[in-house]
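Before any comments, here is the structure.
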Amino acid sequence: VADARAPVLGIGVGTPGVVDDHGVVLTAPNFGWTDVDLEGALRARLDLPVLVANDANAAVLAEYTFGGAADDVLVVRVGRGVGSGLLAGGQPLRGSRFAAGEIGHVTIDENGPVCRCGNRGCLDTFVGSSALSSAVAVTHGHLALRDLVARALAGDPGCRRVVTDAGRHIGVAVAGVVNLLNPERVSIGGTLARTGDLLLDPIREGVERCAI
């Protein structure tokens, strides 16, 4: 247990969005942010060392540090939207413009719903929190994601069905990444992952069916 009297050495922040090497959030559609110098603002306010990173990239580094010795890892976080962090040869894979890992905007149905990014049929439009809530709205009204997860764990058949459907869609997208990058380990996190095998089993089935 950390000593509460010990000095704070620094602050780490994981945030949705595309984050550059200087802790500037270049874009975070969920927050409506563009070019927000989050790291600079926090450092000035708190007078402490601050490091800001994309939340999924932070998660993949945590998986590498605490989760095992795999050097090639894909971490997928499923919550309001879907993001992923990639580790290749023990090094974060961030892309030329820091936008690697946007698995939520992989197209899984080119005739599907229009996404906030302007494309059609992105994974986000099928498994993001808004999509899941809309899927049960007729019978359950509007449900926050945490409430949908709680009902699914309690045995609600409608909520369990949309979680299972989400798993199938995620499995297809993950299989595409597996075919392209061949990670040793895939870890699933985020609010929806609290449903455990209800989500994970259809993801596994999708990967086994679609990945080489």
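By order of appearance in the structure tokens: chains A, B, ..., then residues from 1 within every chain, and ligands from 1 in the order shown.
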For this session: Can you pull out every residue within 12 Å of A:Pro92, counting only C-alpha atoms, but drop anything in the same chain fewer than 4 positions away, and send it as a PyMOL selection string?
Result: chain A and resi 53-54+56-64+71-75+84-88+98-101
Could the residues in this selection be written to a file with N, CA and C atoms, as a PDB file, in the first residue's frame?
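Output contents, as saved in again-v2.pdb:
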```
ATOM      1  N   ALA A  53      -1.255  10.127 -22.319  1.00  0.00           N
ATOM      2  CA  ALA A  53      -1.208   9.165 -23.413  1.00  0.00           C
ATOM      3  C   ALA A  53      -2.620   8.715 -23.749  1.00  0.00           C
ATOM      4  N   ASN A  54      -2.786   8.197 -24.939  1.00  0.00           N
ATOM      5  CA  ASN A  54      -4.048   7.548 -25.298  1.00  0.00           C
ATOM      6  C   ASN A  54      -4.323   6.420 -24.316  1.00  0.00           C
ATOM      7  N   ALA A  56      -5.839   3.516 -24.503  1.00  0.00           N
ATOM      8  CA  ALA A  56      -5.563   2.152 -24.945  1.00  0.00           C
ATOM      9  C   ALA A  56      -4.061   1.905 -25.051  1.00  0.00           C
ATOM     10  N   ASN A  57      -3.293   2.921 -25.451  1.00  0.00           N
ATOM     11  CA  ASN A  57      -1.844   2.766 -25.483  1.00  0.00           C
ATOM     12  C   ASN A  57      -1.292   2.599 -24.075  1.00  0.00           C
ATOM     13  N   ALA A  58      -1.864   3.332 -23.123  1.00  0.00           N
ATOM     14  CA  ALA A  58      -1.454   3.152 -21.730  1.00  0.00           C
ATOM     15  C   ALA A  58      -1.804   1.744 -21.250  1.00  0.00           C
ATOM     16  N   ALA A  59      -2.953   1.246 -21.675  1.00  0.00           N
ATOM     17  CA  ALA A  59      -3.383  -0.095 -21.264  1.00  0.00           C
ATOM     18  C   ALA A  59      -2.463  -1.173 -21.812  1.00  0.00           C
ATOM     19  N   VAL A  60      -1.990  -1.016 -23.053  1.00  0.00           N
ATOM     20  CA  VAL A  60      -1.123  -2.048 -23.615  1.00  0.00           C
ATOM     21  C   VAL A  60       0.239  -2.041 -22.929  1.00  0.00           C
ATOM     22  N   LEU A  61       0.704  -0.871 -22.499  1.00  0.00           N
ATOM     23  CA  LEU A  61       1.951  -0.823 -21.739  1.00  0.00           C
ATOM     24  C   LEU A  61       1.772  -1.466 -20.370  1.00  0.00           C
ATOM     25  N   ALA A  62       0.616  -1.271 -19.760  1.00  0.00           N
ATOM     26  CA  ALA A  62       0.338  -1.923 -18.484  1.00  0.00           C
ATOM     27  C   ALA A  62       0.271  -3.431 -18.650  1.00  0.00           C
ATOM     28  N   GLU A  63      -0.346  -3.889 -19.732  1.00  0.00           N
ATOM     29  CA  GLU A  63      -0.426  -5.328 -19.999  1.00  0.00           C
ATOM     30  C   GLU A  63       0.974  -5.908 -20.182  1.00  0.00           C
ATOM     31  N   TYR A  64       1.829  -5.183 -20.890  1.00  0.00           N
ATOM     32  CA  TYR A  64       3.201  -5.627 -21.116  1.00  0.00           C
ATOM     33  C   TYR A  64       3.991  -5.674 -19.804  1.00  0.00           C
ATOM     34  N   ASP A  71       5.749  -9.861 -26.183  1.00  0.00           N
ATOM     35  CA  ASP A  71       6.269  -8.655 -26.823  1.00  0.00           C
ATOM     36  C   ASP A  71       5.341  -8.121 -27.908  1.00  0.00           C
ATOM     37  N   ASP A  72       4.390  -8.949 -28.346  1.00  0.00           N
ATOM     38  CA  ASP A  72       3.467  -8.549 -29.409  1.00  0.00           C
ATOM     39  C   ASP A  72       2.045  -8.707 -28.869  1.00  0.00           C
ATOM     40  N   VAL A  73       1.420  -7.579 -28.567  1.00  0.00           N
ATOM     41  CA  VAL A  73       0.162  -7.581 -27.819  1.00  0.00           C
ATOM     42  C   VAL A  73      -0.833  -6.633 -28.473  1.00  0.00           C
ATOM     43  N   LEU A  74      -2.075  -7.053 -28.495  1.00  0.00           N
ATOM     44  CA  LEU A  74      -3.194  -6.182 -28.866  1.00  0.00           C
ATOM     45  C   LEU A  74      -4.116  -6.074 -27.670  1.00  0.00           C
ATOM     46  N   VAL A  75      -4.366  -4.852 -27.206  1.00  0.00           N
ATOM     47  CA  VAL A  75      -5.344  -4.603 -26.151  1.00  0.00           C
ATOM     48  C   VAL A  75      -6.517  -3.856 -26.765  1.00  0.00           C
ATOM     49  N   SER A  84      -7.942   0.562 -29.332  1.00  0.00           N
ATOM     50  CA  SER A  84      -6.980  -0.514 -29.124  1.00  0.00           C
ATOM     51  C   SER A  84      -5.576   0.048 -29.040  1.00  0.00           C
ATOM     52  N   GLY A  85      -4.739  -0.660 -28.292  1.00  0.00           N
ATOM     53  CA  GLY A  85      -3.326  -0.365 -28.205  1.00  0.00           C
ATOM     54  C   GLY A  85      -2.543  -1.529 -28.753  1.00  0.00           C
ATOM     55  N   LEU A  86      -1.440  -1.237 -29.410  1.00  0.00           N
ATOM     56  CA  LEU A  86      -0.648  -2.264 -30.074  1.00  0.00           C
ATOM     57  C   LEU A  86       0.795  -2.204 -29.592  1.00  0.00           C
ATOM     58  N   LEU A  87       1.350  -3.374 -29.338  1.00  0.00           N
ATOM     59  CA  LEU A  87       2.752  -3.490 -28.970  1.00  0.00           C
ATOM     60  C   LEU A  87       3.398  -4.448 -29.965  1.00  0.00           C
ATOM     61  N   ALA A  88       4.452  -4.006 -30.631  1.00  0.00           N
ATOM     62  CA  ALA A  88       5.139  -4.832 -31.621  1.00  0.00           C
ATOM     63  C   ALA A  88       6.614  -4.916 -31.246  1.00  0.00           C
ATOM     64  N   PHE A  98       0.263   9.131 -34.982  1.00  0.00           N
ATOM     65  CA  PHE A  98      -0.172   8.758 -33.629  1.00  0.00           C
ATOM     66  C   PHE A  98      -1.560   8.135 -33.586  1.00  0.00           C
ATOM     67  N   ALA A  99      -2.082   7.696 -34.727  1.00  0.00           N
ATOM     68  CA  ALA A  99      -3.468   7.234 -34.790  1.00  0.00           C
ATOM     69  C   ALA A  99      -3.600   5.729 -34.993  1.00  0.00           C
ATOM     70  N   ALA A 100      -2.500   4.973 -34.814  1.00  0.00           N
ATOM     71  CA  ALA A 100      -2.615   3.519 -34.916  1.00  0.00           C
ATOM     72  C   ALA A 100      -3.522   2.995 -33.804  1.00  0.00           C
ATOM     73  N   GLY A 101      -4.247   1.923 -34.105  1.00  0.00           N
ATOM     74  CA  GLY A 101      -5.086   1.313 -33.086  1.00  0.00           C
ATOM     75  C   GLY A 101      -6.532   1.770 -33.087  1.00  0.00           C
TER      76      GLY A 101
END
```
Problem set entry | Secondary structure check, strand (DSSP E) residues of stretch 87-173 of chain A, as JSON, numbers by chain | {"A": [87, 88, 91, 92]}
For this session: Mind giving me the straight-line distance from atom CA of A:Val174 to atom CA of A:Val82 in Å, one decimal?
Result: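 Value for the atom CA of A:Val174-atom CA of A:Val82 distance: 11.3 Å.
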Problem set entry | Contact residues around stretch 158-171 of chain A with only C-alpha atoms at 8 Å, ignoring same-chain residues under 4 positions, as a PyMOL selection string | chain A and resi 108+123+126-127+132+135-136+148-149+151-153+175+192+195+198-207
Export of prior selection with N, CA and C atoms as a PDB file, in the first residue's frame:
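What landed in part-v2.pdb:
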```pdb
ATOM      1  N   ILE A 108     -16.880  -2.821 -40.713  1.00  0.00           N
ATOM      2  CA  ILE A 108     -17.306  -4.220 -40.725  1.00  0.00           C
ATOM      3  C   ILE A 108     -18.570  -4.408 -41.569  1.00  0.00           C
ATOM      4  N   LEU A 123     -16.958  -0.316 -36.628  1.00  0.00           N
ATOM      5  CA  LEU A 123     -17.207  -1.168 -35.470  1.00  0.00           C
ATOM      6  C   LEU A 123     -17.911  -0.398 -34.364  1.00  0.00           C
ATOM      7  N   PHE A 126     -21.662  -0.441 -34.109  1.00  0.00           N
ATOM      8  CA  PHE A 126     -22.306  -1.697 -33.738  1.00  0.00           C
ATOM      9  C   PHE A 126     -22.092  -2.060 -32.273  1.00  0.00           C
ATOM     10  N   VAL A 127     -20.977  -1.632 -31.685  1.00  0.00           N
ATOM     11  CA  VAL A 127     -20.674  -2.096 -30.331  1.00  0.00           C
ATOM     12  C   VAL A 127     -20.392  -0.974 -29.340  1.00  0.00           C
ATOM     13  N   LEU A 132     -25.437  -0.132 -28.361  1.00  0.00           N
ATOM     14  CA  LEU A 132     -25.987  -1.171 -27.484  1.00  0.00           C
ATOM     15  C   LEU A 132     -27.250  -0.684 -26.787  1.00  0.00           C
ATOM     16  N   ALA A 135     -30.140  -0.723 -29.129  1.00  0.00           N
ATOM     17  CA  ALA A 135     -30.605  -2.071 -29.453  1.00  0.00           C
ATOM     18  C   ALA A 135     -31.635  -2.587 -28.458  1.00  0.00           C
ATOM     19  N   VAL A 136     -31.599  -2.089 -27.216  1.00  0.00           N
ATOM     20  CA  VAL A 136     -32.555  -2.552 -26.203  1.00  0.00           C
ATOM     21  C   VAL A 136     -33.551  -1.467 -25.810  1.00  0.00           C
ATOM     22  N   LEU A 148     -26.606  -1.711 -18.438  1.00  0.00           N
ATOM     23  CA  LEU A 148     -26.795  -2.812 -19.386  1.00  0.00           C
ATOM     24  C   LEU A 148     -25.916  -3.994 -18.993  1.00  0.00           C
ATOM     25  N   VAL A 149     -24.674  -3.699 -18.608  1.00  0.00           N
ATOM     26  CA  VAL A 149     -23.755  -4.758 -18.175  1.00  0.00           C
ATOM     27  C   VAL A 149     -24.295  -5.459 -16.930  1.00  0.00           C
ATOM     28  N   ARG A 151     -27.392  -5.744 -15.926  1.00  0.00           N
ATOM     29  CA  ARG A 151     -28.561  -6.561 -16.265  1.00  0.00           C
ATOM     30  C   ARG A 151     -28.148  -7.832 -17.015  1.00  0.00           C
ATOM     31  N   ALA A 152     -27.157  -7.709 -17.884  1.00  0.00           N
ATOM     32  CA  ALA A 152     -26.677  -8.892 -18.596  1.00  0.00           C
ATOM     33  C   ALA A 152     -26.105  -9.907 -17.615  1.00  0.00           C
ATOM     34  N   LEU A 153     -25.344  -9.443 -16.639  1.00  0.00           N
ATOM     35  CA  LEU A 153     -24.770 -10.345 -15.638  1.00  0.00           C
ATOM     36  C   LEU A 153     -25.848 -10.958 -14.743  1.00  0.00           C
ATOM     37  N   ALA A 175      -9.951 -10.339 -35.557  1.00  0.00           N
ATOM     38  CA  ALA A 175      -9.362 -11.303 -36.487  1.00  0.00           C
ATOM     39  C   ALA A 175      -8.599 -10.599 -37.604  1.00  0.00           C
ATOM     40  N   LEU A 192     -17.468  -3.052 -21.015  1.00  0.00           N
ATOM     41  CA  LEU A 192     -18.201  -4.206 -21.535  1.00  0.00           C
ATOM     42  C   LEU A 192     -17.507  -5.517 -21.178  1.00  0.00           C
ATOM     43  N   THR A 195     -18.536  -8.294 -18.497  1.00  0.00           N
ATOM     44  CA  THR A 195     -19.468  -9.402 -18.733  1.00  0.00           C
ATOM     45  C   THR A 195     -18.734 -10.726 -18.922  1.00  0.00           C
ATOM     46  N   LEU A 198     -19.390 -14.015 -21.500  1.00  0.00           N
ATOM     47  CA  LEU A 198     -20.545 -13.648 -22.321  1.00  0.00           C
ATOM     48  C   LEU A 198     -20.084 -12.829 -23.528  1.00  0.00           C
ATOM     49  N   LEU A 199     -19.085 -12.001 -23.322  1.00  0.00           N
ATOM     50  CA  LEU A 199     -18.486 -11.227 -24.407  1.00  0.00           C
ATOM     51  C   LEU A 199     -17.320 -11.981 -25.040  1.00  0.00           C
ATOM     52  N   LEU A 200     -16.495 -12.607 -24.217  1.00  0.00           N
ATOM     53  CA  LEU A 200     -15.249 -13.188 -24.708  1.00  0.00           C
ATOM     54  C   LEU A 200     -15.467 -14.418 -25.582  1.00  0.00           C
ATOM     55  N   ASP A 201     -16.452 -15.257 -25.253  1.00  0.00           N
ATOM     56  CA  ASP A 201     -16.660 -16.469 -26.047  1.00  0.00           C
ATOM     57  C   ASP A 201     -16.958 -16.159 -27.516  1.00  0.00           C
ATOM     58  N   PRO A 202     -17.893 -15.228 -27.825  1.00  0.00           N
ATOM     59  CA  PRO A 202     -18.108 -14.929 -29.245  1.00  0.00           C
ATOM     60  C   PRO A 202     -16.920 -14.226 -29.894  1.00  0.00           C
ATOM     61  N   ILE A 203     -16.105 -13.484 -29.105  1.00  0.00           N
ATOM     62  CA  ILE A 203     -14.886 -12.913 -29.674  1.00  0.00           C
ATOM     63  C   ILE A 203     -13.939 -14.037 -30.072  1.00  0.00           C
ATOM     64  N   ARG A 204     -13.760 -15.002 -29.167  1.00  0.00           N
ATOM     65  CA  ARG A 204     -12.879 -16.147 -29.474  1.00  0.00           C
ATOM     66  C   ARG A 204     -13.371 -16.888 -30.714  1.00  0.00           C
ATOM     67  N   GLU A 205     -14.685 -17.100 -30.795  1.00  0.00           N
ATOM     68  CA  GLU A 205     -15.250 -17.810 -31.950  1.00  0.00           C
ATOM     69  C   GLU A 205     -14.987 -17.048 -33.232  1.00  0.00           C
ATOM     70  N   GLY A 206     -15.135 -15.716 -33.176  1.00  0.00           N
ATOM     71  CA  GLY A 206     -14.894 -14.905 -34.360  1.00  0.00           C
ATOM     72  C   GLY A 206     -13.451 -14.950 -34.813  1.00  0.00           C
ATOM     73  N   VAL A 207     -12.532 -14.899 -33.847  1.00  0.00           N
ATOM     74  CA  VAL A 207     -11.104 -14.968 -34.188  1.00  0.00           C
ATOM     75  C   VAL A 207     -10.758 -16.332 -34.761  1.00  0.00           C
TER      76      VAL A 207
END
```
For this session: Can you pull out every residue within 9 Å of A:Val177, counting only C-alpha atoms, but drop anything in the same chain fewer than 3 positions away, and send it as a ChimeraX atom specification?
Result: /A:74,103,173-174,180-183,211
Same residues, all heavy atoms, saved as a CSV table (one decimal), in the first residue's frame:
```csv
chain,number,residue,atom,x,y,z
A,74,LEU,N,-2.1,-7.1,-28.5
A,74,LEU,CA,-3.2,-6.2,-28.9
A,74,LEU,C,-4.1,-6.1,-27.7
A,74,LEU,O,-4.6,-7.1,-27.1
A,74,LEU,CB,-4.0,-6.8,-30.1
A,74,LEU,CG,-5.3,-6.1,-30.4
A,74,LEU,CD1,-5.2,-4.7,-30.9
A,74,LEU,CD2,-6.1,-7.0,-31.4
A,103,ILE,N,-9.3,0.8,-33.9
A,103,ILE,CA,-10.1,-0.4,-34.3
A,103,ILE,C,-11.6,-0.1,-34.4
A,103,ILE,O,-12.3,-0.7,-35.1
A,103,ILE,CB,-9.8,-1.6,-33.4
A,103,ILE,CG1,-10.3,-2.9,-34.1
A,103,ILE,CG2,-10.3,-1.4,-32.0
A,103,ILE,CD1,-9.8,-4.1,-33.3
A,173,ALA,N,-13.4,-8.0,-36.2
A,173,ALA,CA,-12.4,-6.9,-36.3
A,173,ALA,C,-11.1,-7.3,-35.7
A,173,ALA,O,-10.0,-7.0,-36.3
A,173,ALA,CB,-12.9,-5.6,-35.6
A,174,VAL,N,-11.1,-8.0,-34.6
A,174,VAL,CA,-9.9,-8.5,-34.0
A,174,VAL,C,-9.2,-9.5,-34.9
A,174,VAL,O,-8.0,-9.5,-35.0
A,174,VAL,CB,-10.1,-9.1,-32.6
A,174,VAL,CG1,-8.9,-9.9,-32.1
A,174,VAL,CG2,-10.5,-8.0,-31.6
A,180,LEU,N,-3.2,-9.3,-39.8
A,180,LEU,CA,-2.3,-8.3,-40.2
A,180,LEU,C,-1.0,-8.3,-39.4
A,180,LEU,O,0.1,-8.2,-40.0
A,180,LEU,CB,-3.0,-6.9,-40.2
A,180,LEU,CG,-2.2,-5.8,-40.8
A,180,LEU,CD1,-1.9,-6.0,-42.3
A,180,LEU,CD2,-2.9,-4.5,-40.6
A,181,LEU,N,-1.1,-8.3,-38.1
A,181,LEU,CA,0.0,-8.1,-37.2
A,181,LEU,C,0.5,-9.3,-36.4
A,181,LEU,O,1.5,-9.3,-35.8
A,181,LEU,CB,-0.3,-6.9,-36.2
A,181,LEU,CG,-0.6,-5.6,-36.9
A,181,LEU,CD1,-1.0,-4.5,-35.9
A,181,LEU,CD2,0.7,-5.1,-37.7
A,182,ASN,N,-0.4,-10.4,-36.3
A,182,ASN,CA,0.0,-11.6,-35.7
A,182,ASN,C,0.5,-11.4,-34.2
A,182,ASN,O,1.6,-11.8,-33.8
A,182,ASN,CB,1.1,-12.3,-36.5
A,182,ASN,CG,1.4,-13.7,-36.0
A,182,ASN,OD1,0.5,-14.4,-35.5
A,182,ASN,ND2,2.6,-14.2,-36.2
A,183,PRO,N,-0.3,-10.8,-33.4
A,183,PRO,CA,0.1,-10.6,-32.0
A,183,PRO,C,0.1,-12.0,-31.2
A,183,PRO,O,-0.7,-12.9,-31.6
A,183,PRO,CB,-1.0,-9.7,-31.4
A,183,PRO,CG,-2.2,-10.0,-32.2
A,183,PRO,CD,-1.7,-10.2,-33.6
A,211,ALA,N,-9.5,-15.7,-38.4
A,211,ALA,CA,-8.1,-15.4,-38.5
A,211,ALA,C,-7.4,-16.6,-39.0
A,211,ALA,O,-7.7,-17.8,-38.7
A,211,ALA,CB,-7.6,-15.1,-37.0
```
Exercise. Would you give me, as JSON, numbers by chain, the residues in stretch 6-103 of chain A that DSSP reads as helix (DSSP H, G or I)?
Worked result: {"A": [38, 39, 40, 41, 42, 43, 44, 45, 46, 55, 56, 57, 58, 59, 60, 61, 62, 63, 64, 65, 66, 103]}
Problem set entry | Selection: 8 Å around stretch 27-35 of chain A, only C-alpha atoms, excl. self and same-chain fewer than 5 positions, as JSON, numbers by chain | {"A": [16, 17, 18, 19, 116]}
I need the chosen residues saved as a PDB file, in the first residue's frame, with N, CA and C atoms.
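again-v9.pdb, freshly written:
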```
ATOM      1  N   PRO A  16      -9.121   9.069 -24.005  1.00  0.00           N
ATOM      2  CA  PRO A  16      -9.507   8.713 -25.371  1.00  0.00           C
ATOM      3  C   PRO A  16      -8.985   9.750 -26.353  1.00  0.00           C
ATOM      4  N   GLY A  17      -8.801   9.330 -27.573  1.00  0.00           N
ATOM      5  CA  GLY A  17      -8.396  10.267 -28.613  1.00  0.00           C
ATOM      6  C   GLY A  17      -6.992  10.012 -29.123  1.00  0.00           C
ATOM      7  N   VAL A  18      -6.613  10.777 -30.125  1.00  0.00           N
ATOM      8  CA  VAL A  18      -5.280  10.704 -30.721  1.00  0.00           C
ATOM      9  C   VAL A  18      -4.383  11.685 -29.984  1.00  0.00           C
ATOM     10  N   VAL A  19      -3.308  11.172 -29.379  1.00  0.00           N
ATOM     11  CA  VAL A  19      -2.435  11.979 -28.530  1.00  0.00           C
ATOM     12  C   VAL A  19      -1.027  11.958 -29.104  1.00  0.00           C
ATOM     13  N   ARG A 116     -19.825   8.744 -36.568  1.00  0.00           N
ATOM     14  CA  ARG A 116     -19.497  10.149 -36.336  1.00  0.00           C
ATOM     15  C   ARG A 116     -18.250  10.571 -37.100  1.00  0.00           C
TER      16      ARG A 116
END
```
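Atom pair atom CA of A:Asp197 / atom CA of A:Thr139: separated by 24.2 Å.
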For this session: Excluding A:Asp109 and residues on its chain fewer than 5 positions from it, collect all residues at most 9 Å away from it, counting only C-alpha atoms, and give them as a PyMOL selection string.
Result: chain A and resi 120-123
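Proximity of A:Leu145, A:Val13, A:Ala137, A:Ala154 to A:Ala193, computed with only C-alpha atoms, is greatest for A:Leu145.
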Exercise. By how many Å are atom CA of A:Arg209 and atom CA of A:Val172 apart?
Worked result: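 Atom-to-atom, atom CA of A:Arg209 and atom CA of A:Val172 are spaced 8.5 Å apart.
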Exercise. Quick one: of A:Arg77, A:His105, A:Arg43, A:His142, who's nearest to A:Gly10, counting only C-alpha atoms?
Worked result: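 Looking at the shortest contact to A:Gly10, the residue is A:Arg43.
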For this session: Identify, on the basis of only C-alpha atoms, every residue whose closest approach to A:Gly40 does not exceed 8 Å; exclude the query and any residue fewer than 3 positions from it along the same chain; express the result as a count of residues only.
Result: 5
